[in-house]
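A.B. asks: Please read through the structure below; I'll follow up with questions.
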Amino acid sequence: MATDNNKEVLFSRSFIAICTANFLYFFGFYSLMPILALYLVDKFQAGEFVIGFILACYTISALSYRPFAGFLVDKLDRKKLYIISLSIFVLSFGGYPIAGSLWAFIAFRTLHGISFGSLTVTANTLVIDISPKSRRGEALGIFGIANTTAMAVGPMVAVQLKEAYGYNAVFYIAFILGIIAFTIGSTVKSSPKPKHEHAPLSWDRFILFKGIPPGFNLFLMGIPYGMITSYIALYSVELGLGEKTGWFYSLFAVGIILSRIFSGKQTDRGKLTQVISMGIGIATLALIILSSSKLVESSPTTASLLFNGAALFVGLGYGSIFPAMNNLFVNLAPHNKRGTANSTYMTTWDIGVGLGLVFSGKIGATTSYSIVFLIGAIAAITSVIVFEAYTKHFYHRNKIVQE
């Protein structure tokens, strides 16, 4: 594994480079989120259905391509695939402002989603390859902090840029940052992938079957995460707190960052399943508190404290789950299936998040958003029960890489 001639060094030049590139291209990615729907309305006079369809093209294409990305990561040179995926991802940023029709915009959006599906799987696998095994959990946690920091800062900067200079400024800044990310990412050095005997093409080259039990836990935890990212503002309005949810997202991001720093080190000390149990438990308790905020809506101060306090602890819970679960999937797979392991990890998560997105709006519109988050809490409680009763024991029986 390439760690700049020192297998115990985490902060190698390659590791710093891939984390920096990760922050830059995710900054561009998140900066588009608050302005794309508005851009489609202003530029193409698109209706709600068309906007929903176009935005969904990204998620659907990324989700559909991820199993193939995992297969390719395990078959081809990972560094070259990373560079190809990153270049297509970056070029897609430049396609949005020159798209002259909705069909052209859809084409760029779909291409962006496919390259995202490939890039995330490849980058995660490269991080594992270039990190010492004894510090893998810490490496994944730090790598993920780049995403979270970009998520916390990107949308805010994008809104300011759009108001001051228009939509194209956001697109071109994202494109420029992407070019810088590509330049830095190109310096990543990884050892050649070990050669393995040719195996016949089969379903286990696209899906890590041993990853299905933990994938079910991840799927369940993805449901409330999807609810939070899309409908927390509407829940805030329902509680009488207004549409401003800046504090919620800031505390959510702080929780994720803090837990990633500490949970990764605990994972490396052999406490992987304990970290996951703790993370799922904290997130579940926080989701119960969040849904209970409705019970004290008559007291705006109390409701606000519960609402924003839950944000911090939801972040702490999920920040612990992400790197530990990623490590768990990798530990269930041989080296030549690391890409498949990462793909299965991300795919099960995305399906849960997508389900939370799709059904939450309908449930919230017909009942209330407190019910939406109560359902999310129930999904999390189910995940706790399944993990404690079955998944962690399954993992210890089937892991390949020792913690």
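Going through the structure tokens in order, the chains are called A, B, and so on, while each chain numbers its residues from 1 and the ligands are numbered from 1 in the order shown.
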At most 12 Å is the cut-off: for each residue in segment 293-325 of chain A with any atom that close to an atom of segment 213-231 of chain A, write down the nearest atom pair and the distance in Å rounded to one decimal, counting only C-alpha atoms, chain first then increasing number, as a tab-separated table.
C.D. replies:
residue	atom	partner	partner_atom	distance
A:Phe307	CA	A:Ile228	CA	11.6
A:Ala310	CA	A:Ile228	CA	11.2
A:Ala311	CA	A:Ile228	CA	9.3
A:Val314	CA	A:Tyr225	CA	9.1
A:Gly315	CA	A:Tyr225	CA	10.0
A:Gly317	CA	A:Met221	CA	10.4
A:Tyr318	CA	A:Met221	CA	8.6
A:Gly319	CA	A:Tyr225	CA	11.7
A:Ile321	CA	A:Leu218	CA	8.7
A:Phe322	CA	A:Leu218	CA	9.1
A:Pro323	CA	A:Leu218	CA	11.9
A:Ala324	CA	A:Pro214	CA	11.2
A:Met325	CA	A:Pro214	CA	7.8
A.B. asks: Once you have the residues from the selection above, write them out as a PDB file, in the first residue's frame, restricted to N, CA, C and O atoms.
C.D. replies:
ATOM      1  N   PHE A 307     -35.159  20.746  19.118  1.00  0.00           N
ATOM      2  CA  PHE A 307     -34.962  20.660  17.671  1.00  0.00           C
ATOM      3  C   PHE A 307     -33.478  20.782  17.308  1.00  0.00           C
ATOM      4  O   PHE A 307     -32.918  19.929  16.610  1.00  0.00           O
ATOM      5  N   ALA A 310     -31.163  18.080  19.052  1.00  0.00           N
ATOM      6  CA  ALA A 310     -31.225  16.795  18.349  1.00  0.00           C
ATOM      7  C   ALA A 310     -30.292  16.789  17.146  1.00  0.00           C
ATOM      8  O   ALA A 310     -29.688  15.764  16.811  1.00  0.00           O
ATOM      9  N   ALA A 311     -30.142  17.947  16.499  1.00  0.00           N
ATOM     10  CA  ALA A 311     -29.279  18.055  15.316  1.00  0.00           C
ATOM     11  C   ALA A 311     -27.846  17.650  15.639  1.00  0.00           C
ATOM     12  O   ALA A 311     -27.208  16.900  14.887  1.00  0.00           O
ATOM     13  N   VAL A 314     -27.777  13.843  16.332  1.00  0.00           N
ATOM     14  CA  VAL A 314     -27.964  13.081  15.093  1.00  0.00           C
ATOM     15  C   VAL A 314     -26.646  13.059  14.319  1.00  0.00           C
ATOM     16  O   VAL A 314     -26.222  12.021  13.787  1.00  0.00           O
ATOM     17  N   GLY A 315     -25.977  14.219  14.278  1.00  0.00           N
ATOM     18  CA  GLY A 315     -24.681  14.296  13.605  1.00  0.00           C
ATOM     19  C   GLY A 315     -23.642  13.412  14.278  1.00  0.00           C
ATOM     20  O   GLY A 315     -22.877  12.705  13.608  1.00  0.00           O
ATOM     21  N   GLY A 317     -24.163  10.725  15.963  1.00  0.00           N
ATOM     22  CA  GLY A 317     -24.498   9.327  15.679  1.00  0.00           C
ATOM     23  C   GLY A 317     -24.100   8.910  14.277  1.00  0.00           C
ATOM     24  O   GLY A 317     -23.395   7.910  14.080  1.00  0.00           O
ATOM     25  N   TYR A 318     -24.526   9.684  13.292  1.00  0.00           N
ATOM     26  CA  TYR A 318     -24.230   9.332  11.903  1.00  0.00           C
ATOM     27  C   TYR A 318     -22.732   9.457  11.602  1.00  0.00           C
ATOM     28  O   TYR A 318     -22.188   8.669  10.819  1.00  0.00           O
ATOM     29  N   GLY A 319     -22.071  10.423  12.216  1.00  0.00           N
ATOM     30  CA  GLY A 319     -20.633  10.558  12.006  1.00  0.00           C
ATOM     31  C   GLY A 319     -19.860   9.346  12.496  1.00  0.00           C
ATOM     32  O   GLY A 319     -18.803   9.009  11.958  1.00  0.00           O
ATOM     33  N   ILE A 321     -21.277   6.240  12.555  1.00  0.00           N
ATOM     34  CA  ILE A 321     -21.717   5.109  11.738  1.00  0.00           C
ATOM     35  C   ILE A 321     -20.952   5.033  10.421  1.00  0.00           C
ATOM     36  O   ILE A 321     -20.507   3.945  10.013  1.00  0.00           O
ATOM     37  N   PHE A 322     -20.779   6.170   9.725  1.00  0.00           N
ATOM     38  CA  PHE A 322     -20.245   6.160   8.363  1.00  0.00           C
ATOM     39  C   PHE A 322     -18.896   5.450   8.224  1.00  0.00           C
ATOM     40  O   PHE A 322     -18.779   4.458   7.508  1.00  0.00           O
ATOM     41  N   PRO A 323     -17.830   5.936   8.888  1.00  0.00           N
ATOM     42  CA  PRO A 323     -16.537   5.277   8.674  1.00  0.00           C
ATOM     43  C   PRO A 323     -16.480   3.864   9.228  1.00  0.00           C
ATOM     44  O   PRO A 323     -15.823   2.989   8.654  1.00  0.00           O
ATOM     45  N   ALA A 324     -17.183   3.624  10.346  1.00  0.00           N
ATOM     46  CA  ALA A 324     -17.162   2.284  10.935  1.00  0.00           C
ATOM     47  C   ALA A 324     -17.859   1.276  10.027  1.00  0.00           C
ATOM     48  O   ALA A 324     -17.370   0.155   9.817  1.00  0.00           O
ATOM     49  N   MET A 325     -19.012   1.651   9.492  1.00  0.00           N
ATOM     50  CA  MET A 325     -19.724   0.765   8.566  1.00  0.00           C
ATOM     51  C   MET A 325     -18.908   0.522   7.296  1.00  0.00           C
ATOM     52  O   MET A 325     -18.860  -0.592   6.776  1.00  0.00           O
TER      53      MET A 325
END
A.B. asks: List the neighbours of Ile371 of chain A out to 8 Å using only C-alpha atoms; skip same-chain residues closer than 6 positions along the sequence, and give me the result as a ChimeraX atom specification.
C.D. replies: /A:291,363-364
A.B. asks: Could you list, as a list of chain:residue names, every residue within 9 Å of Val157 of chain A, counting only C-alpha atoms and ignoring same-chain residues fewer than 5 positions away?
C.D. replies: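 Near Val157 of chain A, the qualifying residues are A:Ser31, A:Lys162, A:Val170.
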A.B. asks: Please dump the current selection as a compact mmCIF listing (two decimals), in the first residue's frame; keep N, CA, C and O atoms.
C.D. replies:
# COMPACT_ATOMS: atom_id res chain seq x y z
N SER A 31 -22.45 23.07 -3.81
CA SER A 31 -22.79 24.45 -4.16
C SER A 31 -23.92 24.51 -5.19
O SER A 31 -24.64 25.52 -5.27
N LYS A 162 -24.69 33.48 -6.20
CA LYS A 162 -25.84 33.60 -7.13
C LYS A 162 -26.49 34.97 -6.99
O LYS A 162 -26.84 35.61 -7.99
N VAL A 170 -21.76 30.52 -10.09
CA VAL A 170 -21.74 29.29 -9.28
C VAL A 170 -21.21 28.13 -10.11
O VAL A 170 -20.35 27.36 -9.66
A.B. asks: I want to know what sits within 10 Å of Ile173 of chain A, based on only C-alpha atoms, with residues of the same chain fewer than 4 positions away left out; could you give that as a CSV table (one decimal) with N, CA, C and O atoms, in the first residue's frame?
C.D. replies:
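What follows is the written file out-v8.csv:
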chain,number,residue,atom,x,y,z
A,27,PHE,N,-17.3,20.4,-2.7
A,27,PHE,CA,-17.7,21.8,-2.5
A,27,PHE,C,-18.5,22.2,-3.8
A,27,PHE,O,-19.5,22.9,-3.7
A,28,GLY,N,-17.9,21.9,-5.0
A,28,GLY,CA,-18.6,22.2,-6.2
A,28,GLY,C,-20.0,21.5,-6.3
A,28,GLY,O,-21.0,22.1,-6.7
A,31,SER,N,-22.4,23.1,-3.8
A,31,SER,CA,-22.8,24.4,-4.2
A,31,SER,C,-23.9,24.5,-5.2
A,31,SER,O,-24.6,25.5,-5.3
A,93,PHE,N,-19.6,19.9,-14.7
A,93,PHE,CA,-19.9,21.2,-14.1
A,93,PHE,C,-19.9,22.3,-15.2
A,93,PHE,O,-20.8,23.2,-15.2
A,94,GLY,N,-19.0,22.2,-16.2
A,94,GLY,CA,-18.9,23.1,-17.2
A,94,GLY,C,-20.0,23.0,-18.3
A,94,GLY,O,-20.3,23.9,-19.1
A,158,ALA,N,-22.7,29.4,-2.3
A,158,ALA,CA,-23.4,29.4,-3.6
A,158,ALA,C,-24.5,30.4,-3.6
A,158,ALA,O,-24.7,31.1,-4.6
A,161,LEU,N,-23.0,33.8,-4.0
A,161,LEU,CA,-22.5,34.0,-5.3
A,161,LEU,C,-23.6,34.3,-6.3
A,161,LEU,O,-23.6,35.2,-7.2
A,168,ASN,N,-24.4,31.6,-13.4
A,168,ASN,CA,-23.1,31.2,-14.1
A,168,ASN,C,-21.9,31.2,-13.2
A,168,ASN,O,-21.0,30.4,-13.3
A,169,ALA,N,-21.9,32.2,-12.3
A,169,ALA,CA,-20.8,32.3,-11.4
A,169,ALA,C,-20.6,31.1,-10.5
A,169,ALA,O,-19.5,30.6,-10.3
A,177,LEU,N,-12.9,25.0,-9.3
A,177,LEU,CA,-12.5,24.1,-8.2
A,177,LEU,C,-12.3,22.7,-8.6
A,177,LEU,O,-11.4,22.0,-8.1
A,178,GLY,N,-13.1,22.2,-9.5
A,178,GLY,CA,-13.0,20.9,-10.0
A,178,GLY,C,-11.7,20.7,-10.7
A,178,GLY,O,-11.0,19.6,-10.6
A,179,ILE,N,-11.3,21.6,-11.5
A,179,ILE,CA,-10.0,21.6,-12.2
A,179,ILE,C,-8.8,21.5,-11.2
A,179,ILE,O,-7.9,20.7,-11.4
A.B. asks: Could you list, as a ChimeraX atom specification, every residue within 9 Å of Val384 of chain A, counting only C-alpha atoms and ignoring same-chain residues fewer than 3 positions away?
C.D. replies: /A:217,277,280-281,284,379-381,387-389
A.B. asks: In terms of the shortest atom-to-atom distance over only C-alpha atoms, which of A:Gly352, A:Phe175, A:Gly166, A:Thr245 is closest to Asp42 of chain A?
C.D. replies: A:Gly166
A.B. asks: Measuring atom to atom with only C-alpha atoms, identify which of A:Thr59, A:Thr149, A:Ser92, A:Asn327 is nearest to Ile128 of chain A.
C.D. replies: A:Asn327
A.B. asks: Go ahead and compute the interatomic distance for atom CA of Val127 of chain A and atom CA of Thr391 of chain A, in Å to one decimal.
C.D. replies: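 A separation of 25.3 Å between them.
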A.B. asks: Go through A:Ser299, A:Thr273, A:Ser85, A:Gln266 and flag the residue nearest Tyr390 of chain A, using only C-alpha atoms for the distances.
C.D. replies: A:Thr273
A.B. asks: Give the answer as one residue: which of A:Thr148, A:Ser343, A:Asn331, A:Thr348 has the shortest atom-to-atom distance to Ser250 of chain A, using only C-alpha atoms?
C.D. replies: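 Checking each of A:Thr148, A:Ser343, A:Asn331, A:Thr348 against Ser250 of chain A, counting only C-alpha atoms, the winner is A:Thr148.
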A.B. asks: Which residues come within 10 Å of segment 15-23 of chain A, counting only C-alpha atoms, excluding same-chain residues fewer than 2 positions away, as an mmCIF file with C-alpha atoms, in the first residue's frame?
C.D. replies:
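Result written to result01.cif:
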data_model
loop_
_atom_site.group_PDB
_atom_site.id
_atom_site.type_symbol
_atom_site.label_atom_id
_atom_site.label_comp_id
_atom_site.auth_asym_id
_atom_site.auth_seq_id
_atom_site.Cartn_x
_atom_site.Cartn_y
_atom_site.Cartn_z
ATOM 1 C CA ALA A 2 1.295 3.377 -0.943
ATOM 2 C CA THR A 3 2.028 5.458 2.108
ATOM 3 C CA ASP A 4 5.096 7.276 0.898
ATOM 4 C CA VAL A 9 2.150 7.207 8.270
ATOM 5 C CA LEU A 10 -1.432 8.328 7.727
ATOM 6 C CA PHE A 11 -0.860 11.888 6.546
ATOM 7 C CA SER A 12 1.180 10.969 3.503
ATOM 8 C CA ARG A 13 1.325 13.261 0.491
ATOM 9 C CA TYR A 25 -15.067 18.632 -5.915
ATOM 10 C CA PHE A 26 -17.641 18.065 -3.180
ATOM 11 C CA PHE A 27 -17.675 21.803 -2.540
ATOM 12 C CA GLY A 28 -18.637 22.248 -6.193
ATOM 13 C CA PHE A 29 -21.208 19.469 -5.922
ATOM 14 C CA LEU A 86 -12.856 12.734 -11.732
ATOM 15 C CA LEU A 119 -15.799 8.566 -8.430
ATOM 16 C CA THR A 120 -17.122 7.958 -4.921
ATOM 17 C CA ALA A 123 -11.947 7.382 -4.208
ATOM 18 C CA ASN A 124 -13.098 5.440 -1.133
ATOM 19 C CA LEU A 126 -8.085 4.345 -3.024
ATOM 20 C CA VAL A 127 -8.185 5.819 0.492
ATOM 21 C CA ILE A 128 -8.262 2.291 1.889
ATOM 22 C CA ILE A 130 -3.084 4.121 0.538
ATOM 23 C CA SER A 131 -3.819 4.046 4.283
ATOM 24 C CA ALA A 139 -8.383 7.560 7.515
ATOM 25 C CA LEU A 140 -11.967 7.021 6.412
ATOM 26 C CA ILE A 142 -10.838 12.184 8.068
ATOM 27 C CA PHE A 143 -11.599 11.587 4.395
ATOM 28 C CA GLY A 144 -15.300 11.940 5.178
ATOM 29 C CA ILE A 145 -14.749 15.207 7.054
ATOM 30 C CA ALA A 146 -13.898 16.784 3.706
ATOM 31 C CA ASN A 147 -17.383 15.892 2.429
ATOM 32 C CA THR A 148 -19.092 17.185 5.541
ATOM 33 C CA THR A 149 -17.158 20.464 5.567
ATOM 34 C CA ALA A 150 -18.027 21.006 1.903
ATOM 35 C CA MET A 151 -21.685 20.265 2.693
ATOM 36 C CA GLY A 154 -20.788 25.030 -0.173
ATOM 37 C CA LEU A 177 -12.487 24.149 -8.182
ATOM 38 C CA GLY A 178 -12.991 20.865 -10.012
ATOM 39 C CA ILE A 179 -9.985 21.561 -12.231
ATOM 40 C CA ILE A 180 -7.884 22.271 -9.138
ATOM 41 C CA ALA A 181 -9.203 19.038 -7.580
ATOM 42 C CA PHE A 182 -8.217 17.131 -10.724
ATOM 43 C CA THR A 183 -4.720 18.619 -10.652
ATOM 44 C CA ILE A 184 -4.219 17.711 -6.999
ATOM 45 C CA GLY A 185 -5.894 14.297 -7.346
ATOM 46 C CA SER A 186 -3.525 13.414 -10.182
ATOM 47 C CA THR A 187 -0.635 13.423 -7.711
ATOM 48 C CA VAL A 188 -2.082 10.533 -5.679
ATOM 49 C CA LYS A 189 0.219 7.510 -5.740
ATOM 50 C CA SER A 190 -1.068 4.021 -5.109
#
A.B. asks: DSSP on the backbone, alpha helix (DSSP H) only: what residues of segment 29-148 of chain A does that give? Format it as a ChimeraX atom specification.
C.D. replies: /A:29-32,36-44,48-75,78-95,102-130,136-148
A.B. asks: Figure out the distance between atom CA of Tyr249 of chain A and atom CA of Gly52 of chain A, please, to one decimal in Å.
C.D. replies: 22.9 Å
A.B. asks: In terms of the shortest atom-to-atom distance over only C-alpha atoms, which of A:Val121, A:Met33, A:Val153, A:Ala333 is closest to Met346 of chain A?
C.D. replies: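 Residue with the minimum atom-to-atom distance to Met346 of chain A: A:Val121.
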A.B. asks: Which residues, written as a compact mmCIF listing (two decimals) with C-alpha atoms, in the first residue's frame, have at least one atom at most 7 Å from Cys57 of chain A, with only C-alpha atoms counted and residues fewer than 4 positions away on the same chain left out?
C.D. replies:
# COMPACT_ATOMS: atom_id res chain seq x y z
CA PHE A 53 -37.42 14.35 -12.81
CA SER A 61 -27.85 7.28 -12.68
CA ARG A 109 -27.03 15.73 -15.27
CA THR A 110 -27.10 12.02 -16.06
A.B. asks: Which residue is closest to His396 of chain A? Choose from A:Ala174, A:Val358, A:Leu272, A:Leu285 and count only C-alpha atoms.
C.D. replies: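 With only C-alpha atoms as the atom set, the closest residue is A:Leu272.
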A.B. asks: So the first atom is atom CA of Asn336 of chain A and the second is atom CA of Ile84 of chain A; what is the distance between them in Å, to one decimal place?
C.D. replies: 20.2 Å
